[in-house]
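A.B. asks: If it helps, the file is called start_17.txt and holds compact mmCIF, C-alpha atoms:
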```txt
# COMPACT_ATOMS: atom_id res chain seq x y z
CA MET C 25 63.92 101.02 102.99
CA ILE C 26 62.55 102.96 105.95
CA TRP C 27 63.49 100.06 108.21
CA TRP C 28 67.05 100.06 106.85
CA LEU C 29 67.35 103.84 107.31
CA ARG C 30 66.21 103.58 110.92
CA ILE C 31 68.32 100.56 111.88
CA ARG C 32 71.48 101.94 110.28
CA TYR C 33 71.20 105.38 111.90
CA VAL C 34 71.39 106.88 108.39
CA PRO C 35 69.88 110.27 109.36
CA ALA C 36 72.22 110.51 112.37
CA VAL C 37 75.22 109.57 110.23
CA ALA C 38 74.27 112.19 107.64
CA VAL C 39 73.91 114.88 110.31
CA GLY C 40 77.16 113.78 111.97
CA LEU C 41 79.02 113.86 108.67
CA LEU C 42 77.65 117.29 107.81
CA ALA C 43 78.57 118.64 111.26
CA CYS C 44 81.99 117.04 110.91
CA ILE C 45 82.60 118.81 107.59
CA LEU C 46 81.29 122.19 108.77
CA LEU C 47 83.08 122.16 112.10
CA GLY C 48 86.25 120.60 110.74
CA SER C 49 86.70 123.25 108.08
CA GLY C 50 86.58 125.96 110.74
CA ALA C 51 88.20 124.21 113.69
CA ASP C 52 91.68 123.70 112.29
CA SER C 53 93.18 125.84 115.05
CA VAL C 54 91.32 124.02 117.85
CA THR C 55 93.52 121.36 119.42
CA VAL C 56 93.40 118.78 122.20
CA PRO C 57 96.63 118.35 124.23
CA ILE C 58 97.61 114.66 124.37
CA PRO C 59 100.41 113.38 126.67
CA VAL C 60 103.32 111.89 124.75
CA VAL C 61 104.71 108.68 126.26
CA ILE C 62 108.22 109.15 124.91
CA GLY C 63 109.71 112.49 125.91
CA GLY C 64 107.19 113.53 128.55
CA LEU C 65 105.75 116.33 126.44
CA THR C 66 102.29 116.94 125.02
CA PHE C 67 101.12 116.98 121.43
CA ASP C 68 98.35 119.30 120.27
CA LEU C 69 96.05 117.00 118.32
CA PRO C 70 93.84 119.00 115.93
CA MET C 71 90.13 118.68 116.61
CA SER C 72 89.64 118.10 112.87
CA SER C 73 91.47 114.78 113.31
CA LEU C 74 88.91 113.64 115.89
CA LEU C 75 85.67 114.82 114.27
CA PRO C 76 85.59 112.07 111.58
CA LEU C 77 85.36 109.50 114.37
CA VAL C 78 81.75 110.56 115.03
CA PRO C 79 80.22 109.45 111.70
CA VAL C 80 82.50 106.40 111.51
CA CYS C 81 81.41 105.15 114.93
CA LEU C 82 77.77 105.86 114.08
CA ILE C 83 78.11 103.78 110.91
CA LEU C 84 79.57 100.88 112.89
CA GLU C 85 76.93 101.07 115.59
CA GLY C 86 74.14 101.21 113.03
CA GLN C 87 75.41 98.12 111.25
CA ALA C 88 75.94 96.32 114.56
CA ARG C 89 72.23 96.79 115.38
CA ALA C 90 71.22 94.68 112.39
CA ASP C 91 69.92 91.12 112.68
CA GLY C 92 72.59 89.34 110.68
CA ILE C 93 70.67 86.08 110.34
CA THR C 94 67.55 87.78 109.00
CA GLU C 95 69.49 89.98 106.60
CA ARG C 96 71.41 87.05 105.14
CA VAL C 97 68.13 85.57 103.86
CA ALA C 98 66.51 88.89 102.90
CA VAL C 99 65.45 89.51 99.31
CA ARG C 100 67.30 92.83 99.17
CA ALA C 101 71.06 92.79 99.59
CA MET C 102 71.55 94.79 102.80
CA GLY C 103 75.31 94.51 102.48
CA GLY C 104 75.13 96.24 99.12
CA TRP C 105 73.11 99.07 100.60
CA ASP C 106 75.64 99.44 103.43
CA ALA C 107 78.55 99.52 100.99
CA ALA C 108 76.81 102.08 98.77
CA PHE C 109 76.03 104.30 101.74
CA MET C 110 79.61 104.20 103.03
CA ALA C 111 80.92 104.92 99.53
CA ALA C 112 78.57 107.91 99.31
CA CYS C 113 79.91 109.24 102.64
CA VAL C 114 83.52 108.92 101.44
CA LEU C 115 82.62 110.58 98.14
CA ALA C 116 80.86 113.45 99.92
CA CYS C 117 83.98 114.11 102.01
CA ALA C 118 86.25 113.89 98.96
CA LEU C 119 84.09 116.28 96.91
CA THR C 120 83.92 118.75 99.80
CA ALA C 121 87.71 118.62 100.13
CA ALA C 122 88.13 119.18 96.39
CA VAL C 123 85.78 122.16 96.39
CA ALA C 124 87.45 123.64 99.47
CA SER C 125 90.90 123.23 97.95
CA THR C 126 89.79 124.84 94.70
CA ALA C 127 88.32 127.76 96.63
CA GLY C 128 91.54 128.14 98.63
CA ALA C 129 89.78 127.44 101.92
CA GLY C 130 92.76 125.73 103.52
CA SER C 131 93.80 122.14 104.10
CA ALA C 132 91.62 121.18 107.06
CA THR C 133 88.89 119.69 104.87
CA THR C 134 91.44 117.64 102.93
CA ALA C 135 92.84 116.16 106.15
CA LEU C 136 89.30 115.53 107.37
CA ALA C 137 88.38 113.60 104.21
CA ARG C 138 91.59 111.57 104.46
CA ASP C 139 91.01 110.78 108.11
CA PHE C 140 87.39 109.79 107.54
CA ALA C 141 88.40 107.36 104.79
CA GLY C 142 91.25 105.94 106.86
CA TYR C 143 89.23 105.56 110.05
CA LEU C 144 86.39 103.88 108.14
CA GLY C 145 88.78 101.45 106.48
CA LEU C 146 90.48 100.69 109.79
CA ALA C 147 87.12 100.16 111.48
CA LEU C 148 85.94 97.75 108.78
CA ILE C 149 89.15 95.73 109.01
CA ILE C 150 88.97 95.44 112.80
CA ARG C 151 85.28 94.60 112.62
CA TRP C 152 86.08 91.73 110.26
CA LEU C 153 88.78 90.53 112.66
CA ALA C 154 87.13 91.05 116.06
CA GLY C 155 83.59 92.42 115.77
CA ALA C 156 81.88 95.80 115.81
CA ARG C 157 82.32 96.66 119.50
CA VAL C 158 86.09 96.13 119.40
CA ALA C 159 86.27 98.03 116.10
CA THR C 160 84.42 101.02 117.53
CA VAL C 161 86.60 101.28 120.63
CA THR C 162 89.88 100.65 118.79
CA THR C 163 89.15 103.12 116.02
CA ALA C 164 88.08 105.79 118.51
CA LEU C 165 91.34 105.34 120.43
CA PHE C 166 93.60 105.18 117.37
CA PRO C 167 94.33 108.92 116.94
CA PHE C 168 95.09 109.21 120.66
CA LEU C 169 97.48 106.25 120.39
CA CYS C 170 99.12 107.93 117.42
CA ALA C 171 99.64 111.12 119.42
CA SER C 172 100.91 109.27 122.51
CA LEU C 173 103.10 106.64 120.85
CA GLY C 174 103.68 107.77 117.29
CA LEU C 175 105.89 110.81 117.80
CA VAL C 176 109.66 110.81 117.43
CA HIS C 177 111.30 114.13 118.40
CA ASN C 178 107.84 115.70 118.17
CA ARG C 179 107.45 114.50 114.57
CA PRO C 180 104.87 111.82 113.66
CA GLY C 181 106.14 108.40 112.69
CA ILE C 182 105.27 107.08 109.27
CA TRP C 183 102.49 104.84 110.65
CA ALA C 184 100.79 107.69 112.57
CA TRP C 185 99.12 109.00 109.42
CA PRO C 186 96.36 111.06 111.15
CA LEU C 187 99.07 113.35 112.54
CA HIS C 188 100.64 114.11 109.16
CA ASP C 189 99.97 117.26 107.17
CA ALA C 190 97.03 117.22 104.80
CA ALA C 191 99.45 117.35 101.86
CA SER C 192 101.31 114.21 102.97
CA VAL C 193 101.23 111.68 100.12
CA THR C 194 102.32 108.86 102.44
CA ALA C 195 99.47 109.51 104.87
CA GLY C 196 96.96 109.76 102.03
CA LEU C 197 98.12 106.47 100.53
CA GLN C 198 97.91 104.74 103.93
CA ALA C 199 94.35 105.96 104.42
CA LEU C 200 93.35 104.82 100.93
CA LEU C 201 94.99 101.45 101.47
CA LEU C 202 93.08 100.96 104.71
CA LEU C 203 89.85 101.93 102.96
CA ALA C 204 90.53 99.51 100.10
CA ILE C 205 91.28 96.61 102.47
CA GLY C 206 88.23 97.51 104.55
CA ALA C 207 86.07 97.46 101.41
CA LEU C 208 87.44 94.04 100.49
CA SER C 209 86.59 92.77 103.96
CA LEU C 210 82.93 93.44 103.18
CA LEU C 211 83.10 90.65 100.62
CA LEU C 212 84.46 88.12 103.11
CA PRO C 213 82.72 86.20 105.89
CA PRO C 214 83.78 87.29 109.40
CA LEU C 215 87.09 85.81 110.52
CA ARG C 216 85.21 84.22 113.41
CA ARG C 217 81.56 83.94 114.35
CA HIS C 218 80.68 86.71 116.80
CA THR C 219 78.11 86.11 119.48
CA ASP C 220 77.83 89.73 120.59
CA VAL C 221 75.78 92.59 119.19
CA ASP C 222 77.07 91.98 115.68
CA GLY C 223 74.18 89.63 115.28
CA GLU C 224 76.32 86.91 113.70
```
The structure in this file should be written as structure tokens.
C.D. replies:
Amino acid sequence: MIWWLRIRYVPAVAVGLLACILLGSGADSVTVPIPVVIGGLTFDLPMSSLLPLVPVCLILEGQARADGITERVAVRAMGGWDAAFMAACVLACALTAAVASTAGAGSATTALARDFAGYLGLALIIRWLAGARVATVTTALFPFLCASLGLVHNRPGIWAWPLHDAASVTAGLQALLLLAIGALSLLLPPLRRHTDVDGE
């Protein structure tokens, strides 16, 4: 258990998730200007849309450090532990968003929980397709790509769900769909055998 906690960066993920929640709930007005490809303008990307990338990337990096061959023959199901830990992280974000909404603390925490779930699902899908390193880089760049390429007349396209309001049902469903597909990918063997740091 201690070995798993250390390899998977579990303490760092927990701290990153907590910092993400605390900072995200109070940083709704903090934005990062992103150049827009079409129109030559800039879009102010909320910092709360970027914060969930920290725990997601830490989760990916922690799992990439594992020795896949050793874990496949281990007595304990490491994949089950990984899935349970990721589910706990998603649940923690969802519960925090529910409490914040009930207390009337604004919508930043709701958007943060949605983005965390969506980024995690996206990362798991890309990891299944191309490996952990590609998944980390692609997921980290995704919100910037949304801001640069996903705006039409300064309004986010339907696929650029991180840019939508926290109350957007479409964005929430897209994030949940990504998370569901990402969870299913955990049950499948990798699309190809990776020879990099994935340990497979």
A.B. asks: Which polymer residues have any atom within 8 Å of an atom of Asp68 of chain C, counting only C-alpha atoms, with same-chain residues fewer than 2 positions away left out, as a PyMOL selection string?
C.D. replies: chain C and resi 55-58+66+70
A.B. asks: With C-alpha atoms retained, write the just-selected residues as a PDB file, in the frame of the given file.
C.D. replies:
```
ATOM      1  CA  THR C  55      93.520 121.360 119.420  1.00  0.00           C
ATOM      2  CA  VAL C  56      93.400 118.780 122.200  1.00  0.00           C
ATOM      3  CA  PRO C  57      96.630 118.350 124.230  1.00  0.00           C
ATOM      4  CA  ILE C  58      97.610 114.660 124.370  1.00  0.00           C
ATOM      5  CA  THR C  66     102.290 116.940 125.020  1.00  0.00           C
ATOM      6  CA  PRO C  70      93.840 119.000 115.930  1.00  0.00           C
TER       7      PRO C  70
END
```
A.B. asks: Please report the interatomic distance between atom CA of Pro76 of chain C and atom CA of Phe140 of chain C in Å with one decimal.
C.D. replies: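 Separation between atom CA of Pro76 of chain C and atom CA of Phe140 of chain C: 5.0 Å.
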A.B. asks: Just how far from atom CA of Ala141 of chain C is atom CA of Val60 of chain C, in Å to one decimal?
C.D. replies: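 Here the two named atoms are 25.3 Å from each other.
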A.B. asks: How many Å lie between atom CA of Tyr143 of chain C and atom CA of Val61 of chain C, rounded to one decimal?
C.D. replies: 22.6 Å
A.B. asks: Would you mind telling me which residue in C:Pro167, C:Pro59, C:Gly142, C:Pro186 lies nearest to Leu200 of chain C when using all atoms listed in the file?
C.D. replies: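 For Leu200 of chain C, the nearest of the given residues is C:Gly142.
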A.B. asks: Padding 5 Å on each side, edges along x, y and z: where is the centre of the box around the listed atoms of segment 186-203 of chain C, and how long are its edges in Å to one decimal? Output it as AutoDock Vina command-line options.
C.D. replies:
```
--center_x 96.1 --center_y 109.2 --center_z 106.3 --size_x 22.5 --size_y 26.4 --size_z 22.4
```
A.B. asks: Restricting the calculation to all atoms listed in the file, which member of C:Leu212, C:Ala204, C:Ala38, C:Leu165 is positioned closest to Phe109 of chain C?
C.D. replies: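 Using all atoms listed in the file, the shortest distance to Phe109 of chain C belongs to C:Ala38.
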A.B. asks: Find the residue from C:Leu208, C:Leu84, C:Ala156, C:Ala121 that sits nearest to Gly48 of chain C; use only C-alpha atoms when measuring.
C.D. replies: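 Among the listed residues, the smallest separation from Gly48 of chain C belongs to C:Ala121.
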A.B. asks: Neighbours of Val34 of chain C within 12 Å (only C-alpha atoms; same-chain residues fewer than 2 positions away dropped), as an mmCIF file with C-alpha atoms, in the frame of the given file?
C.D. replies:
```cif
data_model
loop_
_atom_site.group_PDB
_atom_site.id
_atom_site.type_symbol
_atom_site.label_atom_id
_atom_site.label_comp_id
_atom_site.auth_asym_id
_atom_site.auth_seq_id
_atom_site.Cartn_x
_atom_site.Cartn_y
_atom_site.Cartn_z
ATOM 1 C CA MET C 25 63.920 101.020 102.990
ATOM 2 C CA ILE C 26 62.550 102.960 105.950
ATOM 3 C CA TRP C 27 63.490 100.060 108.210
ATOM 4 C CA TRP C 28 67.050 100.060 106.850
ATOM 5 C CA LEU C 29 67.350 103.840 107.310
ATOM 6 C CA ARG C 30 66.210 103.580 110.920
ATOM 7 C CA ILE C 31 68.320 100.560 111.880
ATOM 8 C CA ARG C 32 71.480 101.940 110.280
ATOM 9 C CA ALA C 36 72.220 110.510 112.370
ATOM 10 C CA VAL C 37 75.220 109.570 110.230
ATOM 11 C CA ALA C 38 74.270 112.190 107.640
ATOM 12 C CA VAL C 39 73.910 114.880 110.310
ATOM 13 C CA GLY C 40 77.160 113.780 111.970
ATOM 14 C CA LEU C 41 79.020 113.860 108.670
ATOM 15 C CA PRO C 79 80.220 109.450 111.700
ATOM 16 C CA VAL C 80 82.500 106.400 111.510
ATOM 17 C CA LEU C 82 77.770 105.860 114.080
ATOM 18 C CA ILE C 83 78.110 103.780 110.910
ATOM 19 C CA LEU C 84 79.570 100.880 112.890
ATOM 20 C CA GLU C 85 76.930 101.070 115.590
ATOM 21 C CA GLY C 86 74.140 101.210 113.030
ATOM 22 C CA GLN C 87 75.410 98.120 111.250
ATOM 23 C CA TRP C 105 73.110 99.070 100.600
ATOM 24 C CA ASP C 106 75.640 99.440 103.430
ATOM 25 C CA PHE C 109 76.030 104.300 101.740
ATOM 26 C CA MET C 110 79.610 104.200 103.030
ATOM 27 C CA ALA C 112 78.570 107.910 99.310
ATOM 28 C CA CYS C 113 79.910 109.240 102.640
#
```
A.B. asks: I'd like to know which of C:Ile149, C:Leu77, C:Leu65, C:Cys44 is closest to Leu210 of chain C, using all atoms listed in the file.
C.D. replies: C:Ile149
A.B. asks: I need the residue nearest Gly145 of chain C from this list: C:Ala207, C:Leu173, C:Leu74, C:Ala43. Use only C-alpha atoms for the distance.
C.D. replies: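 Checking each candidate against Gly145 of chain C, we get C:Ala207 as the closest.
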A.B. asks: Let me make sure I understand: among C:Leu47, C:Trp183, C:Ala164, C:Ile150, which one has the smallest atom-to-atom distance to Ala199 of chain C if we use only C-alpha atoms?
C.D. replies: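 For Ala199 of chain C, the nearest of the candidates is C:Trp183.
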A.B. asks: Which polymer residues have any atom within 9 Å of an atom of Ser131 of chain C, counting all atoms listed in the file, with same-chain residues fewer than 5 positions away left out, as a list in words?
C.D. replies: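 Here the answer would be Ser49, Asp52, Ala121, Ala124, Ser125, Leu136, Asp189, Ala190 and Ala191 of chain C.
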